[in-house]
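The structure appears below as structure tokens.
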Amino acid sequence: MAHHNPGFILSLTHANVLVGLFLGGIFPFLVAALTMTAVGEAAFDMIQEIRRQFREIPGLLEGKAKPDNARCVDIATRAALRKMILPGVLAVSAPVIVGFGIGPEALGGMLGGALLGCVLLALTMANAGGAWDNAKKHVEKGNFGGKGSPVHKATVVGDTVGDPFKDTSGPSMNILINVMAIVSLVIAPIL
């Protein structure tokens with residue numbers, strides 16, 4: 001008969017729990033970095049495609065020809081799927097690797113660290129992204145020099161970071177912690 005241990009405690013004095021906490025704390029930042037980079041690369045691919053269409057489709061710039069919208073949608077879809085493979089694999093494999101590699105205490109610590117990091121990052125990104133977006137809208141309404149001013153140029157640069165913050169990396173924190181928790185619950189009986 002398997003011995004059930006009722007004394008499973010996650011104590012910060014336990015080295016493995018601490019190791020797990022720090023490992024978990026890394027994940028939100030890693031996934032945020034991966035999603036932000038993915039948005040940047042996808043946008044760059046899109047710009048290249050649009051430039052190519054302006055070069056190769058006669059009359060497009062004058063509005064006499066139709067653009068190849070399907071290619072652009074394809075680039076966005078392909079990037080969205082392909083660039084999310086690594087963050088997805090990390091979210092699913094990390095609990096398994098930590099749980100079996102270091103132990104259940106480390107896994108408990110990792111979930112705690114990841115949860116804390118995810119919540120704080122998600123709140124920060126939603127607020128900062130919204131603030132950058134609203135700053136641009138505020139200037140576009142005619143404040144601080146309005147459209148075309150140096151301030152407007154600066155707010156557009158800010159919003160370039162703000163949009164993926166509030167629309168991509170922030171929301172992905174929720175999914176990250178969900179996936180890690182679900183995988184952990186699935187492997188918990190085996191551990």
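We label chains A, B, ... in the order they appear in the structure tokens, count residues from 1 in each chain, and number ligands from 1 in the order shown.
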Leaving out region 111-122 of chain A and any residue of its chain fewer than 4 positions from it, which residues lie within 10 Å of it when counting only C-alpha atoms, given as an MDAnalysis selection string? chainID A and resid 10 17:29 31:32 95 106:107 126:128 165:166 169:178 180:181 184
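Excluding region 138-144 of chain A itself and any same-chain residue fewer than 5 positions from it, the protein and nucleic acid residues within 8 Å of it, counting only C-alpha atoms, are Val151, His152 and Thr155 of chain A.
CA of Thr168 (chain A) lies 28.3 Å from CA of Gly99 (chain A).
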Spatial neighbours of Glu41 (chain A), 12 Å, only C-alpha atoms, chain gap at least 6 places, as a count of residues only: 12
One decimal, in Å: what's the spacing between CA of Glu56 (chain A) and CA of Ala70 (chain A)? 15.7 Å
I'd like to know which residues of chain A are helix (DSSP H, G or I) (by DSSP, run on the backbone); could you write them as a ChimeraX atom specification? /A:15-56,69-82,85-101,104-140,143-145,150-187
What would the file look like if the residues just selected were written as a compact mmCIF listing (two decimals), in the first residue's frame with C-alpha atoms?
```txt
# COMPACT_ATOMS: atom_id res chain seq x y z
CA ALA A 15 15.49 24.86 -0.27
CA ASN A 16 13.50 23.18 -3.07
CA VAL A 17 10.50 25.44 -2.49
CA LEU A 18 12.77 28.46 -2.78
CA VAL A 19 14.35 27.08 -5.97
CA GLY A 20 10.84 26.56 -7.36
CA LEU A 21 9.79 30.10 -6.42
CA PHE A 22 12.66 31.62 -8.38
CA LEU A 23 12.15 29.30 -11.35
CA GLY A 24 8.45 30.19 -11.40
CA GLY A 25 9.29 33.89 -11.18
CA ILE A 26 11.30 33.63 -14.40
CA PHE A 27 8.41 32.31 -16.50
CA PRO A 28 6.13 35.34 -16.75
CA PHE A 29 9.06 37.47 -17.92
CA LEU A 30 10.26 34.83 -20.37
CA VAL A 31 6.81 34.38 -21.90
CA ALA A 32 6.26 38.17 -21.98
CA ALA A 33 9.58 38.59 -23.81
CA LEU A 34 8.71 35.84 -26.29
CA THR A 35 5.25 37.26 -27.04
CA MET A 36 6.58 40.84 -27.41
CA THR A 37 9.32 39.65 -29.77
CA ALA A 38 6.76 37.64 -31.74
CA VAL A 39 4.59 40.75 -32.25
CA GLY A 40 7.62 42.74 -33.40
CA GLU A 41 8.77 40.08 -35.87
CA ALA A 42 5.25 39.57 -37.26
CA ALA A 43 4.87 43.33 -37.75
CA PHE A 44 8.23 43.47 -39.55
CA ASP A 45 7.19 40.61 -41.87
CA MET A 46 3.94 42.47 -42.57
CA ILE A 47 5.81 45.68 -43.44
CA GLN A 48 8.09 43.76 -45.83
CA GLU A 49 5.03 42.23 -47.55
CA ILE A 50 3.24 45.60 -47.86
CA ARG A 51 6.38 47.19 -49.33
CA ARG A 52 6.67 44.29 -51.79
CA GLN A 53 3.05 44.77 -52.88
CA PHE A 54 3.59 48.50 -53.44
CA ARG A 55 6.65 47.66 -55.56
CA GLU A 56 5.18 44.80 -57.58
CA ASN A 69 -5.08 41.00 -48.58
CA ALA A 70 -4.91 37.20 -48.32
CA ARG A 71 -1.08 37.29 -48.14
CA CYS A 72 -1.21 39.73 -45.21
CA VAL A 73 -3.80 37.68 -43.33
CA ASP A 74 -1.67 34.60 -44.00
CA ILE A 75 1.43 36.29 -42.54
CA ALA A 76 -0.47 37.32 -39.39
CA THR A 77 -2.06 33.88 -38.90
CA ARG A 78 1.16 32.00 -39.57
CA ALA A 79 3.10 34.21 -37.12
CA ALA A 80 0.38 33.93 -34.46
CA LEU A 81 0.50 30.14 -34.61
CA ARG A 82 4.23 29.56 -35.14
CA ILE A 85 4.74 27.17 -30.07
CA LEU A 86 7.73 27.91 -27.81
CA PRO A 87 5.77 29.71 -25.04
CA GLY A 88 3.18 26.91 -25.17
CA VAL A 89 5.80 24.16 -24.95
CA LEU A 90 7.48 25.98 -22.03
CA ALA A 91 4.20 26.38 -20.11
CA VAL A 92 3.34 22.69 -20.52
CA SER A 93 6.81 21.18 -20.01
CA ALA A 94 8.08 23.35 -17.11
CA PRO A 95 5.79 21.87 -14.41
CA VAL A 96 6.63 18.35 -15.61
CA ILE A 97 10.39 18.99 -15.66
CA VAL A 98 10.42 20.76 -12.28
CA GLY A 99 7.96 18.31 -10.67
CA PHE A 100 9.84 15.17 -11.71
CA GLY A 101 13.31 16.73 -11.82
CA PRO A 104 6.74 18.27 -5.70
CA GLU A 105 7.89 20.98 -3.23
CA ALA A 106 9.73 22.76 -6.02
CA LEU A 107 6.65 22.49 -8.23
CA GLY A 108 4.52 24.07 -5.48
CA GLY A 109 7.08 26.86 -5.15
CA MET A 110 7.20 27.30 -8.92
CA LEU A 111 3.42 27.75 -9.14
CA GLY A 112 3.58 30.33 -6.35
CA GLY A 113 6.39 32.27 -8.01
CA ALA A 114 4.74 32.10 -11.44
CA LEU A 115 1.37 33.22 -10.05
CA LEU A 116 2.89 36.21 -8.28
CA GLY A 117 4.95 37.21 -11.32
CA CYS A 118 2.02 36.71 -13.71
CA VAL A 119 -0.43 38.77 -11.68
CA LEU A 120 2.01 41.65 -11.19
CA LEU A 121 3.16 41.64 -14.83
CA ALA A 122 -0.39 41.37 -16.18
CA LEU A 123 -1.56 44.34 -14.07
CA THR A 124 1.51 46.38 -15.00
CA MET A 125 1.17 45.61 -18.71
CA ALA A 126 -2.58 46.28 -18.85
CA ASN A 127 -2.12 49.64 -17.10
CA ALA A 128 1.04 50.74 -18.91
CA GLY A 129 -0.32 49.61 -22.30
CA GLY A 130 -3.59 51.43 -21.67
CA ALA A 131 -1.76 54.54 -20.51
CA TRP A 132 0.44 54.65 -23.63
CA ASP A 133 -2.59 54.10 -25.85
CA ASN A 134 -4.59 56.82 -24.09
CA ALA A 135 -1.63 59.23 -24.22
CA LYS A 136 -1.56 58.89 -28.01
CA LYS A 137 -5.35 59.41 -28.26
CA HIS A 138 -5.09 62.45 -25.95
CA VAL A 139 -2.43 64.07 -28.16
CA GLU A 140 -4.41 63.20 -31.32
CA ASN A 143 -3.44 68.41 -26.81
CA PHE A 144 0.33 69.02 -26.48
CA GLY A 145 0.69 70.03 -30.14
CA PRO A 150 7.14 65.82 -31.91
CA VAL A 151 4.98 64.85 -28.90
CA HIS A 152 2.66 62.90 -31.22
CA LYS A 153 5.64 61.09 -32.72
CA ALA A 154 6.77 60.15 -29.20
CA THR A 155 3.32 58.87 -28.21
CA VAL A 156 3.16 56.75 -31.39
CA VAL A 157 6.48 55.14 -30.37
CA GLY A 158 5.10 54.55 -26.86
CA ASP A 159 1.92 53.00 -28.25
CA THR A 160 4.04 50.65 -30.38
CA VAL A 161 5.06 49.04 -27.08
CA GLY A 162 1.71 49.72 -25.40
CA ASP A 163 -0.42 47.78 -27.88
CA PRO A 164 1.38 44.42 -27.54
CA PHE A 165 1.57 45.06 -23.77
CA LYS A 166 -2.19 45.34 -23.31
CA ASP A 167 -3.31 43.10 -26.21
CA THR A 168 -0.73 40.29 -26.32
CA SER A 169 1.66 39.86 -23.40
CA GLY A 170 -0.70 40.97 -20.62
CA PRO A 171 -3.56 38.60 -21.53
CA SER A 172 -1.11 35.74 -22.17
CA MET A 173 -0.16 35.82 -18.46
CA ASN A 174 -3.63 34.49 -17.58
CA ILE A 175 -3.25 31.60 -20.03
CA LEU A 176 0.29 30.87 -18.80
CA ILE A 177 -0.73 30.46 -15.16
CA ASN A 178 -3.82 28.42 -16.17
CA VAL A 179 -1.82 26.00 -18.31
CA MET A 180 0.89 25.59 -15.65
CA ALA A 181 -1.72 24.95 -12.93
CA ILE A 182 -3.69 22.46 -15.03
CA VAL A 183 -0.54 20.51 -16.02
CA SER A 184 0.55 20.51 -12.35
CA LEU A 185 -2.85 19.15 -11.25
CA VAL A 186 -2.66 16.40 -13.89
CA ILE A 187 0.79 15.22 -12.78
```
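For the pair CA of Ala188 (chain A) and CA of His14 (chain A), the separation is 19.0 Å.
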